[in-house]
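To be precise, the following lines are work_14.cif, and they hold mmCIF, N, CA, C and O atoms.
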```cif
data_entry
#
loop_
_atom_site.label_atom_id
_atom_site.label_comp_id
_atom_site.auth_asym_id
_atom_site.auth_seq_id
_atom_site.Cartn_x
_atom_site.Cartn_y
_atom_site.Cartn_z
N MET Y 17 0.84 -1.17 0.00
CA MET Y 17 0.00 0.00 0.00
C MET Y 17 0.89 1.23 0.00
O MET Y 17 1.88 1.29 0.72
N THR Y 18 0.56 2.18 -0.84
CA THR Y 18 1.37 3.39 -0.90
C THR Y 18 0.84 4.40 0.11
O THR Y 18 -0.37 4.54 0.32
N ASP Y 19 1.76 5.11 0.70
CA ASP Y 19 1.39 6.12 1.68
C ASP Y 19 1.90 7.47 1.18
O ASP Y 19 3.11 7.72 1.20
N ARG Y 20 0.99 8.30 0.70
CA ARG Y 20 1.38 9.62 0.19
C ARG Y 20 1.03 10.68 1.21
O ARG Y 20 0.00 10.60 1.89
N THR Y 21 1.87 11.65 1.30
CA THR Y 21 1.57 12.77 2.17
C THR Y 21 0.70 13.76 1.41
O THR Y 21 0.80 13.90 0.19
N PHE Y 22 -0.12 14.47 2.13
CA PHE Y 22 -1.04 15.44 1.54
C PHE Y 22 -0.31 16.77 1.35
O PHE Y 22 0.10 17.40 2.32
N ASP Y 23 -0.12 17.15 0.12
CA ASP Y 23 0.60 18.39 -0.19
C ASP Y 23 -0.40 19.44 -0.66
O ASP Y 23 -0.91 19.37 -1.79
N THR Y 24 -0.70 20.41 0.20
CA THR Y 24 -1.69 21.43 -0.15
C THR Y 24 -1.21 22.35 -1.27
O THR Y 24 -2.01 22.80 -2.09
N ASN Y 25 0.08 22.62 -1.29
CA ASN Y 25 0.60 23.50 -2.36
C ASN Y 25 0.42 22.87 -3.74
O ASN Y 25 0.05 23.54 -4.71
N GLN Y 26 0.66 21.58 -3.81
CA GLN Y 26 0.50 20.88 -5.09
C GLN Y 26 -0.99 20.84 -5.48
O GLN Y 26 -1.33 21.02 -6.64
N MET Y 27 -1.85 20.64 -4.49
CA MET Y 27 -3.28 20.61 -4.76
C MET Y 27 -3.77 21.98 -5.25
O MET Y 27 -4.53 22.08 -6.21
N LEU Y 28 -3.32 23.06 -4.61
CA LEU Y 28 -3.71 24.41 -5.02
C LEU Y 28 -3.17 24.74 -6.40
O LEU Y 28 -3.86 25.38 -7.22
N ALA Y 29 -1.95 24.33 -6.68
CA ALA Y 29 -1.37 24.58 -8.00
C ALA Y 29 -2.16 23.84 -9.08
O ALA Y 29 -2.43 24.39 -10.16
N ALA Y 30 -2.57 22.62 -8.79
CA ALA Y 30 -3.36 21.85 -9.76
C ALA Y 30 -4.73 22.50 -9.97
O ALA Y 30 -5.23 22.57 -11.10
N ALA Y 31 -5.33 22.99 -8.90
CA ALA Y 31 -6.63 23.65 -9.01
C ALA Y 31 -6.51 24.94 -9.82
O ALA Y 31 -7.37 25.25 -10.66
N ARG Y 32 -5.45 25.72 -9.56
CA ARG Y 32 -5.22 26.96 -10.33
C ARG Y 32 -5.05 26.65 -11.81
O ARG Y 32 -5.58 27.35 -12.67
N GLU Y 33 -4.28 25.63 -12.10
CA GLU Y 33 -4.04 25.26 -13.50
C GLU Y 33 -5.32 24.77 -14.16
O GLU Y 33 -5.60 25.10 -15.31
N ALA Y 34 -6.11 24.02 -13.42
CA ALA Y 34 -7.35 23.48 -13.99
C ALA Y 34 -8.38 24.57 -14.25
O ALA Y 34 -9.10 24.54 -15.24
N PHE Y 35 -8.45 25.56 -13.37
CA PHE Y 35 -9.47 26.60 -13.49
C PHE Y 35 -8.96 27.87 -14.15
O PHE Y 35 -9.70 28.85 -14.25
N ALA Y 36 -7.73 27.90 -14.62
CA ALA Y 36 -7.18 29.09 -15.27
C ALA Y 36 -7.99 29.52 -16.49
O ALA Y 36 -8.32 30.71 -16.62
N PRO Y 37 -8.37 28.62 -17.39
CA PRO Y 37 -9.18 29.05 -18.53
C PRO Y 37 -10.55 29.58 -18.12
O PRO Y 37 -11.06 30.52 -18.71
N VAL Y 38 -11.14 29.00 -17.09
CA VAL Y 38 -12.44 29.45 -16.62
C VAL Y 38 -12.32 30.86 -16.04
O VAL Y 38 -13.16 31.73 -16.31
N LEU Y 39 -11.28 31.10 -15.27
CA LEU Y 39 -11.05 32.43 -14.71
C LEU Y 39 -10.82 33.45 -15.81
O LEU Y 39 -11.35 34.56 -15.77
N LYS Y 40 -10.05 33.06 -16.81
CA LYS Y 40 -9.78 33.95 -17.93
C LYS Y 40 -11.07 34.26 -18.69
O LYS Y 40 -11.33 35.41 -19.06
N ALA Y 41 -11.91 33.26 -18.89
CA ALA Y 41 -13.19 33.46 -19.57
C ALA Y 41 -14.09 34.38 -18.76
O ALA Y 41 -14.78 35.25 -19.31
N GLN Y 42 -14.08 34.21 -17.45
CA GLN Y 42 -14.89 35.07 -16.59
C GLN Y 42 -14.42 36.52 -16.66
O GLN Y 42 -15.23 37.44 -16.76
N GLN Y 43 -13.11 36.73 -16.63
CA GLN Y 43 -12.59 38.09 -16.73
C GLN Y 43 -12.94 38.73 -18.06
O GLN Y 43 -13.36 39.89 -18.12
N GLU Y 44 -12.81 37.98 -19.13
CA GLU Y 44 -13.18 38.49 -20.45
C GLU Y 44 -14.68 38.77 -20.54
O GLU Y 44 -15.11 39.73 -21.17
N GLY Y 45 -15.46 37.92 -19.89
CA GLY Y 45 -16.91 38.14 -19.86
C GLY Y 45 -17.27 39.44 -19.17
O GLY Y 45 -18.12 40.20 -19.65
N PHE Y 46 -16.62 39.72 -18.05
CA PHE Y 46 -16.88 40.97 -17.35
C PHE Y 46 -16.45 42.18 -18.18
O PHE Y 46 -17.12 43.20 -18.19
N LYS Y 47 -15.32 42.05 -18.87
CA LYS Y 47 -14.88 43.14 -19.74
C LYS Y 47 -15.90 43.39 -20.85
O LYS Y 47 -16.19 44.53 -21.20
N THR Y 48 -16.43 42.31 -21.40
CA THR Y 48 -17.41 42.43 -22.48
C THR Y 48 -18.71 43.05 -21.97
O THR Y 48 -19.30 43.90 -22.63
N ILE Y 49 -19.14 42.64 -20.78
CA ILE Y 49 -20.36 43.22 -20.20
C ILE Y 49 -20.17 44.72 -19.98
O ILE Y 49 -21.06 45.52 -20.26
N GLU Y 50 -18.99 45.10 -19.48
CA GLU Y 50 -18.71 46.52 -19.29
C GLU Y 50 -18.74 47.26 -20.62
O GLU Y 50 -19.30 48.36 -20.72
N ARG Y 51 -18.16 46.65 -21.63
CA ARG Y 51 -18.13 47.28 -22.95
C ARG Y 51 -19.54 47.45 -23.52
O ARG Y 51 -19.87 48.51 -24.08
N LEU Y 52 -20.37 46.42 -23.36
CA LEU Y 52 -21.75 46.51 -23.83
C LEU Y 52 -22.53 47.58 -23.05
O LEU Y 52 -23.34 48.31 -23.63
N ALA Y 53 -22.29 47.66 -21.75
CA ALA Y 53 -22.96 48.69 -20.94
C ALA Y 53 -22.55 50.08 -21.40
O ALA Y 53 -23.39 50.99 -21.49
N ARG Y 54 -21.28 50.26 -21.71
CA ARG Y 54 -20.82 51.57 -22.21
C ARG Y 54 -21.46 51.90 -23.55
O ARG Y 54 -21.82 53.05 -23.82
N LEU Y 55 -21.60 50.90 -24.41
CA LEU Y 55 -22.26 51.13 -25.69
C LEU Y 55 -23.73 51.51 -25.50
O LEU Y 55 -24.24 52.42 -26.17
N GLN Y 56 -24.41 50.83 -24.59
CA GLN Y 56 -25.81 51.16 -24.33
C GLN Y 56 -25.94 52.56 -23.75
O GLN Y 56 -26.87 53.30 -24.07
N TYR Y 57 -25.00 52.94 -22.90
CA TYR Y 57 -24.98 54.29 -22.34
C TYR Y 57 -24.78 55.32 -23.45
O TYR Y 57 -25.41 56.37 -23.45
N ALA Y 58 -23.93 55.00 -24.40
CA ALA Y 58 -23.70 55.90 -25.52
C ALA Y 58 -24.95 56.05 -26.39
O ALA Y 58 -25.27 57.14 -26.85
N VAL Y 59 -25.67 54.94 -26.59
CA VAL Y 59 -26.92 55.00 -27.36
C VAL Y 59 -27.94 55.87 -26.62
O VAL Y 59 -28.62 56.69 -27.24
N ALA Y 60 -28.03 55.72 -25.31
CA ALA Y 60 -28.95 56.54 -24.54
C ALA Y 60 -28.57 58.02 -24.65
O ALA Y 60 -29.44 58.89 -24.76
N GLY Y 61 -27.27 58.31 -24.65
CA GLY Y 61 -26.81 59.68 -24.85
C GLY Y 61 -27.19 60.21 -26.22
O GLY Y 61 -27.58 61.37 -26.37
N ASP Y 62 -27.08 59.34 -27.24
CA ASP Y 62 -27.47 59.76 -28.59
C ASP Y 62 -28.97 60.07 -28.66
O ASP Y 62 -29.38 61.04 -29.30
N VAL Y 63 -29.78 59.26 -27.98
CA VAL Y 63 -31.23 59.50 -27.97
C VAL Y 63 -31.53 60.83 -27.27
O VAL Y 63 -32.34 61.63 -27.76
N LEU Y 64 -30.89 61.07 -26.15
CA LEU Y 64 -31.09 62.32 -25.42
C LEU Y 64 -30.64 63.51 -26.25
O LEU Y 64 -31.34 64.53 -26.33
N GLU Y 65 -29.50 63.38 -26.88
CA GLU Y 65 -28.97 64.46 -27.72
C GLU Y 65 -29.93 64.76 -28.88
O GLU Y 65 -30.18 65.92 -29.21
N THR Y 66 -30.49 63.72 -29.47
CA THR Y 66 -31.44 63.91 -30.56
C THR Y 66 -32.72 64.58 -30.05
O THR Y 66 -33.30 65.43 -30.74
N GLY Y 67 -33.15 64.22 -28.86
CA GLY Y 67 -34.32 64.87 -28.27
C GLY Y 67 -34.10 66.36 -28.08
O GLY Y 67 -34.97 67.18 -28.39
N PHE Y 68 -32.93 66.72 -27.58
CA PHE Y 68 -32.61 68.14 -27.42
C PHE Y 68 -32.54 68.85 -28.77
O PHE Y 68 -33.00 69.98 -28.91
N ALA Y 69 -31.97 68.17 -29.75
CA ALA Y 69 -31.88 68.76 -31.09
C ALA Y 69 -33.28 68.97 -31.67
O ALA Y 69 -33.54 69.98 -32.34
N ARG Y 70 -34.20 68.04 -31.42
CA ARG Y 70 -35.58 68.19 -31.90
C ARG Y 70 -36.27 69.38 -31.22
O ARG Y 70 -37.02 70.11 -31.86
N MET Y 71 -36.01 69.54 -29.92
CA MET Y 71 -36.60 70.70 -29.22
C MET Y 71 -36.07 71.99 -29.81
O MET Y 71 -36.83 72.93 -30.06
N ASN Y 72 -34.75 72.03 -30.03
CA ASN Y 72 -34.17 73.23 -30.62
C ASN Y 72 -34.69 73.46 -32.03
O ASN Y 72 -34.92 74.60 -32.44
N ALA Y 73 -34.91 72.38 -32.79
CA ALA Y 73 -35.42 72.51 -34.16
C ALA Y 73 -36.85 73.05 -34.15
O ALA Y 73 -37.24 73.82 -35.04
N ALA Y 74 -37.63 72.64 -33.14
CA ALA Y 74 -39.01 73.13 -33.07
C ALA Y 74 -39.04 74.63 -32.83
O ALA Y 74 -39.90 75.34 -33.37
N PHE Y 75 -38.10 75.12 -32.04
CA PHE Y 75 -38.07 76.56 -31.75
C PHE Y 75 -37.36 77.35 -32.84
O PHE Y 75 -37.63 78.53 -33.03
N ALA Y 76 -36.45 76.71 -33.56
CA ALA Y 76 -35.68 77.42 -34.59
C ALA Y 76 -36.22 77.14 -35.99
O ALA Y 76 -35.67 77.65 -36.96
N ALA Y 77 -37.26 76.35 -36.08
CA ALA Y 77 -37.87 76.00 -37.37
C ALA Y 77 -36.86 75.32 -38.30
O ALA Y 77 -36.80 75.60 -39.49
N ALA Y 78 -36.06 74.40 -37.76
CA ALA Y 78 -35.10 73.65 -38.57
C ALA Y 78 -35.79 72.40 -39.12
O ALA Y 78 -36.90 72.07 -38.74
N SER Y 79 -35.09 71.71 -40.00
CA SER Y 79 -35.66 70.55 -40.69
C SER Y 79 -35.57 69.30 -39.81
O SER Y 79 -34.47 68.86 -39.47
N PRO Y 80 -36.72 68.69 -39.45
CA PRO Y 80 -36.66 67.45 -38.66
C PRO Y 80 -36.13 66.28 -39.47
O PRO Y 80 -35.61 65.32 -38.91
N THR Y 81 -36.22 66.34 -40.78
CA THR Y 81 -35.70 65.26 -41.61
C THR Y 81 -34.19 65.15 -41.45
O THR Y 81 -33.64 64.05 -41.37
N GLU Y 82 -33.53 66.28 -41.40
CA GLU Y 82 -32.07 66.28 -41.21
C GLU Y 82 -31.70 65.68 -39.85
O GLU Y 82 -30.75 64.91 -39.74
N LEU Y 83 -32.49 66.02 -38.83
CA LEU Y 83 -32.24 65.46 -37.50
C LEU Y 83 -32.43 63.94 -37.50
O LEU Y 83 -31.65 63.21 -36.89
N ASN Y 84 -33.48 63.48 -38.17
CA ASN Y 84 -33.71 62.03 -38.26
C ASN Y 84 -32.56 61.33 -38.96
O ASN Y 84 -32.14 60.25 -38.55
N THR Y 85 -32.05 61.93 -40.03
CA THR Y 85 -30.94 61.34 -40.77
C THR Y 85 -29.70 61.23 -39.88
O THR Y 85 -29.02 60.19 -39.87
N GLN Y 86 -29.42 62.28 -39.13
CA GLN Y 86 -28.26 62.26 -38.23
C GLN Y 86 -28.42 61.17 -37.17
O GLN Y 86 -27.48 60.45 -36.85
N PHE Y 87 -29.65 61.08 -36.62
CA PHE Y 87 -29.90 60.09 -35.58
C PHE Y 87 -29.77 58.67 -36.12
O PHE Y 87 -29.18 57.79 -35.48
N VAL Y 88 -30.30 58.43 -37.30
CA VAL Y 88 -30.20 57.10 -37.91
C VAL Y 88 -28.74 56.74 -38.18
O VAL Y 88 -28.32 55.61 -37.98
N ASP Y 89 -27.94 57.72 -38.62
CA ASP Y 89 -26.52 57.46 -38.85
C ASP Y 89 -25.81 57.08 -37.55
O ASP Y 89 -24.98 56.18 -37.53
N LYS Y 90 -26.15 57.79 -36.46
CA LYS Y 90 -25.54 57.46 -35.17
C LYS Y 90 -25.94 56.06 -34.72
O LYS Y 90 -25.10 55.28 -34.24
N LEU Y 91 -27.22 55.72 -34.86
CA LEU Y 91 -27.67 54.39 -34.45
C LEU Y 91 -27.05 53.30 -35.31
O LEU Y 91 -26.74 52.21 -34.81
N ARG Y 92 -26.86 53.58 -36.59
CA ARG Y 92 -26.22 52.59 -37.47
C ARG Y 92 -24.78 52.33 -36.99
O ARG Y 92 -24.33 51.18 -36.94
N ALA Y 93 -24.07 53.40 -36.63
CA ALA Y 93 -22.70 53.24 -36.14
C ALA Y 93 -22.68 52.45 -34.84
O ALA Y 93 -21.82 51.58 -34.64
N ARG Y 94 -23.65 52.72 -33.95
CA ARG Y 94 -23.71 51.98 -32.68
C ARG Y 94 -24.03 50.50 -32.94
O ARG Y 94 -23.49 49.62 -32.28
N ALA Y 95 -24.91 50.23 -33.89
CA ALA Y 95 -25.25 48.83 -34.22
C ALA Y 95 -24.03 48.10 -34.74
O ALA Y 95 -23.82 46.93 -34.42
N GLU Y 96 -23.20 48.78 -35.53
CA GLU Y 96 -21.96 48.16 -36.01
C GLU Y 96 -21.02 47.86 -34.85
O GLU Y 96 -20.36 46.83 -34.83
N GLU Y 97 -20.96 48.78 -33.86
CA GLU Y 97 -20.13 48.54 -32.68
C GLU Y 97 -20.63 47.32 -31.91
O GLU Y 97 -19.83 46.49 -31.46
N PHE Y 98 -21.96 47.21 -31.74
CA PHE Y 98 -22.53 46.05 -31.05
C PHE Y 98 -22.19 44.77 -31.80
O PHE Y 98 -21.83 43.76 -31.19
N ALA Y 99 -22.28 44.79 -33.12
CA ALA Y 99 -21.96 43.60 -33.91
C ALA Y 99 -20.49 43.22 -33.75
O ALA Y 99 -20.17 42.03 -33.63
N THR Y 100 -19.62 44.20 -33.71
CA THR Y 100 -18.19 43.94 -33.53
C THR Y 100 -17.94 43.31 -32.16
O THR Y 100 -17.20 42.33 -32.04
N VAL Y 101 -18.57 43.86 -31.12
CA VAL Y 101 -18.37 43.34 -29.77
C VAL Y 101 -18.86 41.90 -29.68
O VAL Y 101 -18.18 41.03 -29.12
N THR Y 102 -20.03 41.62 -30.24
CA THR Y 102 -20.55 40.26 -30.13
C THR Y 102 -19.71 39.26 -30.92
O THR Y 102 -19.50 38.14 -30.45
N SER Y 103 -19.19 39.64 -32.08
CA SER Y 103 -18.35 38.71 -32.83
C SER Y 103 -17.03 38.47 -32.11
O SER Y 103 -16.53 37.34 -32.08
N GLU Y 104 -16.46 39.52 -31.49
CA GLU Y 104 -15.24 39.34 -30.70
C GLU Y 104 -15.51 38.42 -29.50
O GLU Y 104 -14.68 37.56 -29.16
N MET Y 105 -16.67 38.61 -28.88
CA MET Y 105 -17.04 37.80 -27.73
C MET Y 105 -17.17 36.33 -28.12
O MET Y 105 -16.67 35.45 -27.42
N GLN Y 106 -17.81 36.06 -29.25
CA GLN Y 106 -17.94 34.67 -29.71
C GLN Y 106 -16.58 34.05 -29.99
O GLN Y 106 -16.34 32.89 -29.64
N ALA Y 107 -15.69 34.80 -30.60
CA ALA Y 107 -14.37 34.27 -30.91
C ALA Y 107 -13.59 33.96 -29.63
O ALA Y 107 -12.96 32.90 -29.53
N LYS Y 108 -13.65 34.87 -28.65
CA LYS Y 108 -12.91 34.65 -27.40
C LYS Y 108 -13.44 33.43 -26.65
O LYS Y 108 -12.68 32.62 -26.14
N PHE Y 109 -14.77 33.31 -26.56
CA PHE Y 109 -15.31 32.18 -25.82
C PHE Y 109 -15.10 30.87 -26.55
O PHE Y 109 -14.94 29.82 -25.93
N GLY Y 110 -15.04 30.90 -27.87
CA GLY Y 110 -14.67 29.71 -28.63
C GLY Y 110 -13.24 29.30 -28.33
O GLY Y 110 -12.93 28.11 -28.17
N GLN Y 111 -12.36 30.30 -28.23
CA GLN Y 111 -10.96 30.04 -27.90
C GLN Y 111 -10.85 29.47 -26.49
O GLN Y 111 -10.09 28.52 -26.26
N PHE Y 112 -11.62 30.03 -25.53
CA PHE Y 112 -11.57 29.51 -24.17
C PHE Y 112 -12.07 28.07 -24.11
O PHE Y 112 -11.54 27.24 -23.38
N GLY Y 113 -13.11 27.78 -24.88
CA GLY Y 113 -13.61 26.41 -24.93
C GLY Y 113 -12.55 25.44 -25.45
O GLY Y 113 -12.39 24.34 -24.92
N SER Y 114 -11.82 25.88 -26.47
CA SER Y 114 -10.74 25.04 -27.01
C SER Y 114 -9.64 24.83 -25.98
O SER Y 114 -9.11 23.72 -25.84
N GLU Y 115 -9.30 25.90 -25.24
CA GLU Y 115 -8.26 25.78 -24.21
C GLU Y 115 -8.70 24.82 -23.10
O GLU Y 115 -7.91 23.99 -22.64
N ILE Y 116 -9.95 24.93 -22.69
CA ILE Y 116 -10.45 24.05 -21.63
C ILE Y 116 -10.44 22.60 -22.10
O ILE Y 116 -10.04 21.70 -21.37
N ALA Y 117 -10.88 22.38 -23.33
CA ALA Y 117 -10.89 21.01 -23.87
C ALA Y 117 -9.47 20.46 -23.97
O ALA Y 117 -9.22 19.29 -23.65
N ALA Y 118 -8.52 21.29 -24.41
CA ALA Y 118 -7.13 20.84 -24.52
C ALA Y 118 -6.56 20.49 -23.16
O ALA Y 118 -5.85 19.48 -23.00
N LYS Y 119 -6.87 21.31 -22.14
CA LYS Y 119 -6.39 21.01 -20.79
C LYS Y 119 -7.01 19.72 -20.26
O LYS Y 119 -6.35 18.94 -19.58
N ALA Y 120 -8.28 19.51 -20.57
CA ALA Y 120 -8.94 18.29 -20.11
C ALA Y 120 -8.31 17.06 -20.76
O ALA Y 120 -8.09 16.04 -20.10
N VAL Y 121 -8.01 17.15 -22.05
CA VAL Y 121 -7.37 16.03 -22.75
C VAL Y 121 -5.98 15.78 -22.18
O VAL Y 121 -5.59 14.65 -21.93
N HIS Y 122 -5.24 16.87 -21.95
CA HIS Y 122 -3.90 16.75 -21.38
C HIS Y 122 -3.95 16.11 -19.99
O HIS Y 122 -3.14 15.24 -19.65
N ALA Y 123 -4.91 16.55 -19.18
CA ALA Y 123 -5.04 16.02 -17.82
C ALA Y 123 -5.43 14.54 -17.85
O ALA Y 123 -4.96 13.74 -17.04
N ARG Y 124 -6.27 14.19 -18.81
CA ARG Y 124 -6.70 12.78 -18.92
C ARG Y 124 -5.54 11.90 -19.34
O ARG Y 124 -5.38 10.78 -18.86
N LYS Y 125 -4.70 12.41 -20.26
CA LYS Y 125 -3.55 11.62 -20.70
C LYS Y 125 -2.53 11.49 -19.58
O LYS Y 125 -1.86 10.47 -19.46
N ALA Y 126 -2.41 12.53 -18.75
CA ALA Y 126 -1.44 12.50 -17.66
C ALA Y 126 -1.89 11.56 -16.54
O ALA Y 126 -1.06 11.03 -15.80
N ALA Y 127 -3.19 11.37 -16.43
CA ALA Y 127 -3.71 10.52 -15.34
C ALA Y 127 -3.55 9.06 -15.57
O ALA Y 127 -3.00 8.45 -16.31
#
```

As structure tokens - that is how I would like this structure written.
Amino acid sequence: MTDRTFDTNQMLAAAREAFAPVLKAQQEGFKTIERLARLQYAVAGDVLETGFARMNAAFAAASPTELNTQFVDKLRARAEEFATVTSEMQAKFGQFGSEIAAKAVHARKAA
């Protein structure tokens, strides 16, 4: 019968190595959530800015069509930013999935 001593440092190192991709994915997820929140805040600012511009146009007799065009252009740019963020997010999480699978295969072969 083999008698092994319990090494906490080795156990913690193994746990850190096993959960490193998960931690990295979680950190990237939080960064992405922050980025999406900032984009939504920017869209809300664009809506507010357009509302003020419409009020000013009503008092100055400016063209509301021009204001609508500007607002649509801003929203189109924001939609492109959202699309970029989501495609980057999909690529990163796909990469994390591959890393986790590779570590699992490596750990299985080592066992």

Would you compute, for all listed atoms of range 94-103 of chain Y, the axis-aligned bounding box grown by 5 Å on each side, and then report its centre and edge lengths in Å rounded to one decimal, as lines of an AutoDock Vina configuration file?
```
center_x = -20.9
center_y = 45.0
center_z = -32.6
size_x = 18.7
size_y = 25.4
size_z = 16.9
```

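One finds CA of Gln43 in chain Y at 19.2 Å from CA of Phe98 in chain Y.
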
re atom O of His122 in chain Y and atom C of Ala29 in chain Y: distance 13.7 Å

Give me, as a ChimeraX atom specification, all polymer residues having an atom no more than 8 Å from Ala34 in chain Y, counting all atoms listed in the file and skipping those fewer than 3 positions away in the same chain. /Y:27-31,37-39,115-116,119-120

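Here CA of Arg94 in chain Y and CA of Gln106 in chain Y stand 18.5 Å from one another.
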